[in-house]
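A.B. asks: start29.tsv is reproduced below (TSV, C-alpha atoms and all ligand atoms).
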```tsv
chain	number	residue	atom	x	y	z
W	1335	MET	CA	-8.09	-30.19	-25.84
W	1336	LEU	CA	-5.06	-28.13	-26.97
W	1337	GLY	CA	-7.06	-24.94	-26.29
W	1338	ILE	CA	-7.80	-25.99	-22.70
W	1339	ILE	CA	-4.16	-26.86	-22.01
W	1340	VAL	CA	-2.94	-23.55	-23.51
W	1341	LEU	CA	-5.50	-21.70	-21.34
W	1342	LEU	CA	-4.34	-23.59	-18.23
W	1343	HIS	CA	-0.71	-22.78	-19.11
W	1344	SER	CA	-1.64	-19.12	-19.65
W	1345	LEU	CA	-3.52	-18.86	-16.32
W	1346	LEU	CA	-0.78	-20.68	-14.40
W	1347	ARG	CA	1.58	-17.91	-15.53
W	1348	TRP	CA	-0.37	-15.54	-13.23
W	1349	VAL	CA	-0.27	-17.89	-10.24
W	1350	LEU	CA	3.45	-18.25	-10.77
W	1351	CYS	CA	4.11	-14.50	-11.23
W	1352	ILE	CA	2.05	-13.59	-8.14
W	1353	LEU	CA	3.79	-16.21	-5.96
W	1354	LEU	CA	7.16	-15.13	-7.32
W	1355	LEU	CA	6.44	-11.47	-6.53
W	1356	ALA	CA	5.14	-12.35	-3.06
W	1357	THR	CA	8.28	-14.44	-2.37
W	1358	ILE	CA	10.54	-11.60	-3.51
W	1359	ILE	CA	8.70	-8.96	-1.45
W	1360	LYS	CA	8.70	-11.20	1.66
W	1361	SER	CA	12.39	-12.02	1.30
W	1362	ILE	CA	13.38	-8.38	0.73
W	1363	ASN	CA	11.38	-7.55	3.85
W	1364	GLY	CA	13.25	-10.31	5.71
W	1365	VAL	CA	16.64	-9.02	4.57
W	1366	VAL	CA	15.83	-5.41	5.45
W	1367	THR	CA	14.13	-5.97	8.82
W	1368	LYS	CA	16.40	-8.91	9.83
W	1369	ARG	CA	13.35	-10.75	11.17
W	1370	ALA	CA	13.21	-14.51	11.80
W	1371	PHE	CA	12.47	-16.85	8.89
W	1372	ALA	CA	8.84	-17.80	9.54
W	1373	ASN	CA	6.73	-20.79	8.59
W	1374	SER	CA	4.87	-18.56	6.10
W	1375	ASP	CA	8.18	-17.84	4.31
W	1376	ASN	CA	8.81	-21.55	3.97
W	1377	LYS	CA	5.21	-22.13	2.77
W	1378	ILE	CA	5.30	-19.48	0.08
W	1379	SER	CA	8.55	-20.78	-1.38
W	1380	LEU	CA	7.07	-24.30	-1.34
W	1381	PHE	CA	3.91	-23.15	-3.18
W	1382	LEU	CA	6.10	-21.24	-5.63
W	1383	MET	CA	8.11	-24.35	-6.42
W	1384	ILE	CA	5.00	-26.53	-6.77
W	1385	SER	CA	3.39	-24.06	-9.19
W	1386	ALA	CA	6.63	-23.76	-11.19
W	1387	HIS	CA	6.94	-27.53	-11.52
W	1388	THR	CA	3.27	-27.83	-12.49
W	1389	GLN	CA	3.86	-25.20	-15.18
W	1390	LEU	CA	6.92	-27.18	-16.32
W	1391	VAL	CA	4.83	-30.35	-16.75
W	1392	VAL	CA	2.10	-28.48	-18.67
W	1393	GLY	CA	4.78	-26.77	-20.79
W	1394	ILE	CA	6.46	-30.08	-21.65
W	1395	LEU	CA	3.05	-31.51	-22.59
W	1396	LEU	CA	2.45	-28.51	-24.85
W	1397	TYR	CA	5.88	-29.03	-26.36
W	1398	PHE	CA	4.69	-32.40	-27.71
W	1399	ILE	CA	1.26	-31.36	-28.95
W	1400	SER	CA	1.46	-27.68	-29.91
W	1401	PRO	CA	1.60	-26.70	-33.59
W	1402	MET	CA	3.89	-23.87	-32.43
W	1403	VAL	CA	6.67	-26.41	-31.84
W	1404	MET	CA	8.26	-27.45	-35.08
W	1405	PHE	CA	11.83	-28.28	-36.02
W	1406	GLY	CA	13.25	-27.22	-39.35
W	1407	ASN	CA	11.15	-24.07	-39.54
W	1408	MET	CA	13.39	-21.71	-37.58
W	1409	LYS	CA	12.95	-18.81	-40.00
W	1410	ASP	CA	9.42	-18.33	-38.64
W	1411	SER	CA	9.92	-16.18	-35.53
W	1412	GLN	CA	6.79	-17.52	-33.74
W	1413	ILE	CA	7.85	-21.14	-34.25
W	1414	ARG	CA	11.43	-20.37	-33.20
W	1415	PHE	CA	10.19	-18.48	-30.13
W	1416	PHE	CA	8.13	-21.39	-28.75
W	1417	THR	CA	10.37	-24.22	-30.00
W	1418	VAL	CA	13.63	-22.75	-28.70
W	1419	GLU	CA	13.61	-19.41	-26.86
W	1420	HIS	CA	10.49	-19.61	-24.65
W	1421	SER	CA	10.99	-23.24	-23.63
W	1422	THR	CA	14.73	-22.97	-22.91
W	1423	LEU	CA	14.47	-19.73	-20.93
W	1424	MET	CA	11.49	-21.00	-18.90
W	1425	ILE	CA	13.30	-24.21	-17.98
W	1426	ILE	CA	16.26	-22.08	-16.81
W	1427	ALA	CA	13.88	-19.88	-14.77
W	1428	ILE	CA	12.33	-22.95	-13.13
W	1429	VAL	CA	15.84	-24.22	-12.27
W	1430	PHE	CA	16.44	-20.87	-10.48
W	1431	ILE	CA	13.11	-21.17	-8.60
W	1432	THR	CA	14.14	-24.66	-7.49
W	1433	LEU	CA	17.61	-23.42	-6.50
W	1434	ALA	CA	16.01	-20.60	-4.51
W	1435	ARG	CA	14.23	-23.11	-2.32
W	1436	ILE	CA	17.08	-25.61	-2.02
W	1437	ARG	CA	19.73	-22.99	-1.23
W	1438	SER	CA	17.42	-21.21	1.20
W	1439	LYS	CA	16.60	-24.46	3.02
W	1440	LYS	CA	20.29	-25.33	3.32
W	1441	ALA	CA	21.37	-21.87	4.51
W	1442	ALA	CA	22.64	-21.75	8.08
W	1443	THR	CA	21.15	-18.42	9.20
W	1444	ASP	CA	17.76	-16.76	8.67
W	1445	ALA	CA	19.43	-13.83	6.92
W	1446	ALA	CA	21.10	-16.20	4.46
W	1447	LYS	CA	17.76	-18.00	3.88
W	1448	PHE	CA	16.11	-14.71	2.88
W	1449	ARG	CA	19.10	-13.70	0.76
W	1450	MET	CA	19.10	-16.96	-1.25
W	1451	LEU	CA	15.33	-16.77	-1.82
W	1452	MET	CA	15.58	-13.13	-2.87
W	1453	ILE	CA	18.51	-13.47	-5.30
W	1454	PHE	CA	17.45	-16.65	-7.11
W	1455	SER	CA	13.77	-15.60	-7.28
W	1456	LEU	CA	14.72	-12.20	-8.70
W	1457	ILE	CA	16.79	-13.86	-11.44
W	1458	ALA	CA	13.86	-16.18	-12.23
W	1459	LEU	CA	11.43	-13.23	-12.38
W	1460	VAL	CA	13.60	-11.32	-14.86
W	1461	ILE	CA	13.90	-14.38	-17.12
W	1462	ILE	CA	10.14	-15.07	-16.96
W	1463	LEU	CA	9.24	-11.44	-17.69
W	1464	LEU	CA	11.52	-11.57	-20.75
W	1465	ALA	CA	10.25	-14.94	-22.02
W	1466	VAL	CA	6.46	-14.59	-21.62
W	1467	PRO	CA	4.70	-13.76	-24.92
W	1468	TRP	CA	3.01	-10.62	-23.48
W	1469	PRO	CA	0.30	-8.94	-25.63
W	1470	PHE	CA	2.69	-5.98	-26.21
W	1471	SER	CA	5.69	-8.15	-27.20
W	1472	PRO	CA	6.65	-9.17	-30.77
W	1473	ILE	CA	5.14	-12.64	-30.20
W	1474	ALA	CA	1.85	-11.30	-28.84
W	1475	ARG	CA	-0.49	-13.63	-26.94
W	1476	PRO	CA	-3.52	-12.67	-24.80
W	1477	TRP	CA	-3.29	-11.64	-21.13
W	1478	PHE	CA	-5.38	-14.70	-20.16
W	1501	LIG	C1	7.69	-20.13	-15.99
W	1501	LIG	C2	7.20	-20.96	-16.84
W	1501	LIG	C3	6.32	-20.62	-18.02
W	1501	LIG	C4	5.47	-19.58	-18.23
W	1501	LIG	C5	5.17	-18.41	-17.28
W	1501	LIG	C6	4.88	-19.76	-19.55
W	1501	LIG	C7	3.95	-18.91	-20.15
W	1501	LIG	C8	3.37	-19.10	-21.39
W	1501	LIG	C9	2.36	-18.25	-21.97
W	1501	LIG	C10	1.77	-17.01	-21.29
W	1501	LIG	C11	2.04	-18.77	-23.19
W	1501	LIG	C12	1.00	-18.24	-24.17
W	1501	LIG	C13	-0.35	-18.88	-23.88
W	1501	LIG	C14	-1.46	-18.35	-24.79
W	1501	LIG	O1	-1.30	-18.39	-26.00
W	1501	LIG	O2	-2.49	-17.89	-24.25
W	1501	LIG	C15	2.87	-19.95	-23.39
W	1501	LIG	C16	2.84	-20.75	-24.51
W	1501	LIG	C17	3.61	-21.87	-24.69
W	1501	LIG	N1	4.51	-22.40	-23.78
W	1501	LIG	FE1	4.97	-21.66	-21.97
W	1501	LIG	N2	5.41	-20.90	-20.11
W	1501	LIG	C18	6.29	-21.46	-19.21
W	1501	LIG	C19	7.05	-22.60	-19.38
W	1501	LIG	C20	7.06	-23.37	-20.51
W	1501	LIG	C21	7.89	-24.53	-20.70
W	1501	LIG	C22	8.90	-25.04	-19.67
W	1501	LIG	C23	7.61	-25.03	-21.95
W	1501	LIG	C24	8.17	-26.20	-22.67
W	1501	LIG	C25	9.14	-26.98	-22.28
W	1501	LIG	C26	6.59	-24.18	-22.54
W	1501	LIG	C27	6.04	-24.34	-23.78
W	1501	LIG	C28	5.09	-23.52	-24.35
W	1501	LIG	C29	4.53	-23.73	-25.69
W	1501	LIG	C30	4.89	-24.84	-26.66
W	1501	LIG	C31	3.59	-22.71	-25.89
W	1501	LIG	C32	2.74	-22.45	-27.16
W	1501	LIG	C33	1.38	-23.16	-27.01
W	1501	LIG	C34	0.48	-22.91	-28.21
W	1501	LIG	O3	0.08	-21.76	-28.43
W	1501	LIG	O4	0.17	-23.89	-28.91
W	1501	LIG	N3	6.28	-23.18	-21.63
W	1501	LIG	N4	3.67	-20.14	-22.27
```
Represent the structure from my file as structure tokens, please.
Ligand code: HEM

C.D. replies:
Amino acid sequence: MLGIIVLLHSLLRWVLCILLLATIIKSINGVVTKRAFANSDNKISLFLMISAHTQLVVGILLYFISPMVMFGNMKDSQIRFFTVEHSTLMIIAIVFITLARIRSKKAATDAAKFRMLMIFSLIALVIILLAVPWPFSPIARPWF
């Protein structure tokens, strides 16, 4: 069971990263070309937020059942990574993804909508790239 949930969490990372990249590219394009904010821009930011919140739920579930989450064993860098660093940074990133959508929806002009989406999504992407246990990072986990 744990294995299936970890695999789901690992695969969802790709859905999230692809939607995040697509949102950033679309919003940069919107800022540069000064085009109108289209229905597809709204849809992609909605799908991005749904996938981020799904990942949050799966992550919180893992937090309760994973052997990688343990208090009182902070000298072990793997345990500390998943118990503190990964979880905290990812929650912050998901807050930024949520803010991207809320601030973009509330913005008065199309240019401001694109700008909000672009800035908050970029911040979220940087945090996620830093906090994912990539195969080449010190806490190495598989690509899938
Ligand atoms: C943007 C959101 C997130 C992404 C992209 C992400 C990505 C990942 C990846 C790639 C792994 C390694 C999976 C593997 O071993 O194959 C992982 C593991 C883990 N994540 Fe996340 N994560 C996110 C959010 C969260 C959150 C919010 C929490 C907890 C509150 C969390 C808790 C964990 C735990 C406990 C593990 C270790 C599972 C284990 O190996 O037993 N994650 N995450």

A.B. asks: Please return as a PDB file with C-alpha atoms, keeping the file's coordinate frame the residues found within 6 Å of ligand LIG 1501 (chain W), counting only C-alpha atoms and all ligand atoms.

C.D. replies:
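Okay, selection.pdb is ready:
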```pdb
ATOM      1  CA  VAL W1340      -2.940 -23.550 -23.510  1.00  0.00           C
ATOM      2  CA  LEU W1341      -5.500 -21.700 -21.340  1.00  0.00           C
ATOM      3  CA  HIS W1343      -0.710 -22.780 -19.110  1.00  0.00           C
ATOM      4  CA  SER W1344      -1.640 -19.120 -19.650  1.00  0.00           C
ATOM      5  CA  ARG W1347       1.580 -17.910 -15.530  1.00  0.00           C
ATOM      6  CA  GLN W1389       3.860 -25.200 -15.180  1.00  0.00           C
ATOM      7  CA  LEU W1390       6.920 -27.180 -16.320  1.00  0.00           C
ATOM      8  CA  GLY W1393       4.780 -26.770 -20.790  1.00  0.00           C
ATOM      9  CA  ILE W1394       6.460 -30.080 -21.650  1.00  0.00           C
ATOM     10  CA  LEU W1396       2.450 -28.510 -24.850  1.00  0.00           C
ATOM     11  CA  TYR W1397       5.880 -29.030 -26.360  1.00  0.00           C
ATOM     12  CA  SER W1400       1.460 -27.680 -29.910  1.00  0.00           C
ATOM     13  CA  PRO W1401       1.600 -26.700 -33.590  1.00  0.00           C
ATOM     14  CA  MET W1402       3.890 -23.870 -32.430  1.00  0.00           C
ATOM     15  CA  VAL W1403       6.670 -26.410 -31.840  1.00  0.00           C
ATOM     16  CA  PHE W1416       8.130 -21.390 -28.750  1.00  0.00           C
ATOM     17  CA  SER W1421      10.990 -23.240 -23.630  1.00  0.00           C
ATOM     18  CA  MET W1424      11.490 -21.000 -18.900  1.00  0.00           C
ATOM     19  CA  ILE W1425      13.300 -24.210 -17.980  1.00  0.00           C
ATOM     20  CA  ILE W1462      10.140 -15.070 -16.960  1.00  0.00           C
ATOM     21  CA  VAL W1466       6.460 -14.590 -21.620  1.00  0.00           C
ATOM     22  CA  PRO W1467       4.700 -13.760 -24.920  1.00  0.00           C
ATOM     23  CA  ARG W1475      -0.490 -13.630 -26.940  1.00  0.00           C
ATOM     24  CA  PRO W1476      -3.520 -12.670 -24.800  1.00  0.00           C
ATOM     25  CA  PHE W1478      -5.380 -14.700 -20.160  1.00  0.00           C
TER      26      PHE W1478
END
```

A.B. asks: Counting all atoms listed in the file, what is within 12 Å of Leu1345 of chain W, bar same-chain residues fewer than 3 positions away, as a list in words?

C.D. replies: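 The contact residues come out as Ile1338, Ile1339, Val1340, Leu1341, Leu1342, Trp1348, Val1349, Leu1350, Cys1351, Ile1352, Ser1385, Thr1388, Gln1389, Val1392, Pro1476, Trp1477 and Phe1478 of chain W.
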
A.B. asks: Looking at only C-alpha atoms, which of W:Met1452, W:Leu1459, W:Ile1384, W:Ala1445 is the one that sits closest to Lys1368 of chain W?

C.D. replies: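 With only C-alpha atoms as the atom set, the closest residue is W:Ala1445.
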
A.B. asks: To one decimal in Å, tell me the separation between atom CA of Ala1446 of chain W and atom CA of Ile1358 of chain W.

C.D. replies: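 Calculated distance between atom CA of Ala1446 of chain W and atom CA of Ile1358 of chain W is 14.0 Å.
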
A.B. asks: With distances taken over only C-alpha atoms, which of W:Met1404, W:Leu1354, W:Met1383, W:Met1335 is nearest to Ala1458 of chain W?

C.D. replies: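 With only C-alpha atoms as the atom set, the closest residue is W:Leu1354.
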
A.B. asks: Which is closer to Val1418 of chain W than all the others in W:Ala1356, W:Ala1442, W:Ala1465, W:Val1365, using only C-alpha atoms?

C.D. replies: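 Going through W:Ala1356, W:Ala1442, W:Ala1465, W:Val1365 one by one, the smallest distance to Val1418 of chain W is for W:Ala1465.
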
A.B. asks: Taking all atoms listed in the file into account, name the residue in W:Ile1428, W:Val1460, W:Val1391, W:Ala1434 that is nearest to Phe1448 of chain W.

C.D. replies: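 Of W:Ile1428, W:Val1460, W:Val1391, W:Ala1434, the one nearest Phe1448 of chain W, counting all atoms listed in the file, is W:Ala1434.
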
A.B. asks: One decimal, Å: what's the distance from atom CA of Val1429 of chain W over to atom CA of Thr1367 of chain W, could you say?

C.D. replies: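 Between these atoms lies a distance of 27.9 Å.
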
A.B. asks: May I ask for the distance between atom CA of Arg1414 of chain W and atom CA of Ala1474 of chain W, given in Å to one decimal place?

C.D. replies: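 So the two atoms, atom CA of Arg1414 of chain W and atom CA of Ala1474 of chain W, lie 13.9 Å apart.
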
A.B. asks: Which residue gives the smallest distance to Ser1379 of chain W among W:Thr1422, W:Ser1471, W:Thr1443, W:Thr1357, with only C-alpha atoms counted?

C.D. replies: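 Of all the options, W:Thr1357 lies closest to Ser1379 of chain W.
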
A.B. asks: Let me make sure I understand: among W:Phe1398, W:Met1408, W:Ser1374, W:Ala1386, which one has the smallest atom-to-atom distance to Leu1433 of chain W if we use all atoms listed in the file?

C.D. replies: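 Of W:Phe1398, W:Met1408, W:Ser1374, W:Ala1386, the one nearest Leu1433 of chain W is W:Ala1386, counting all atoms listed in the file.
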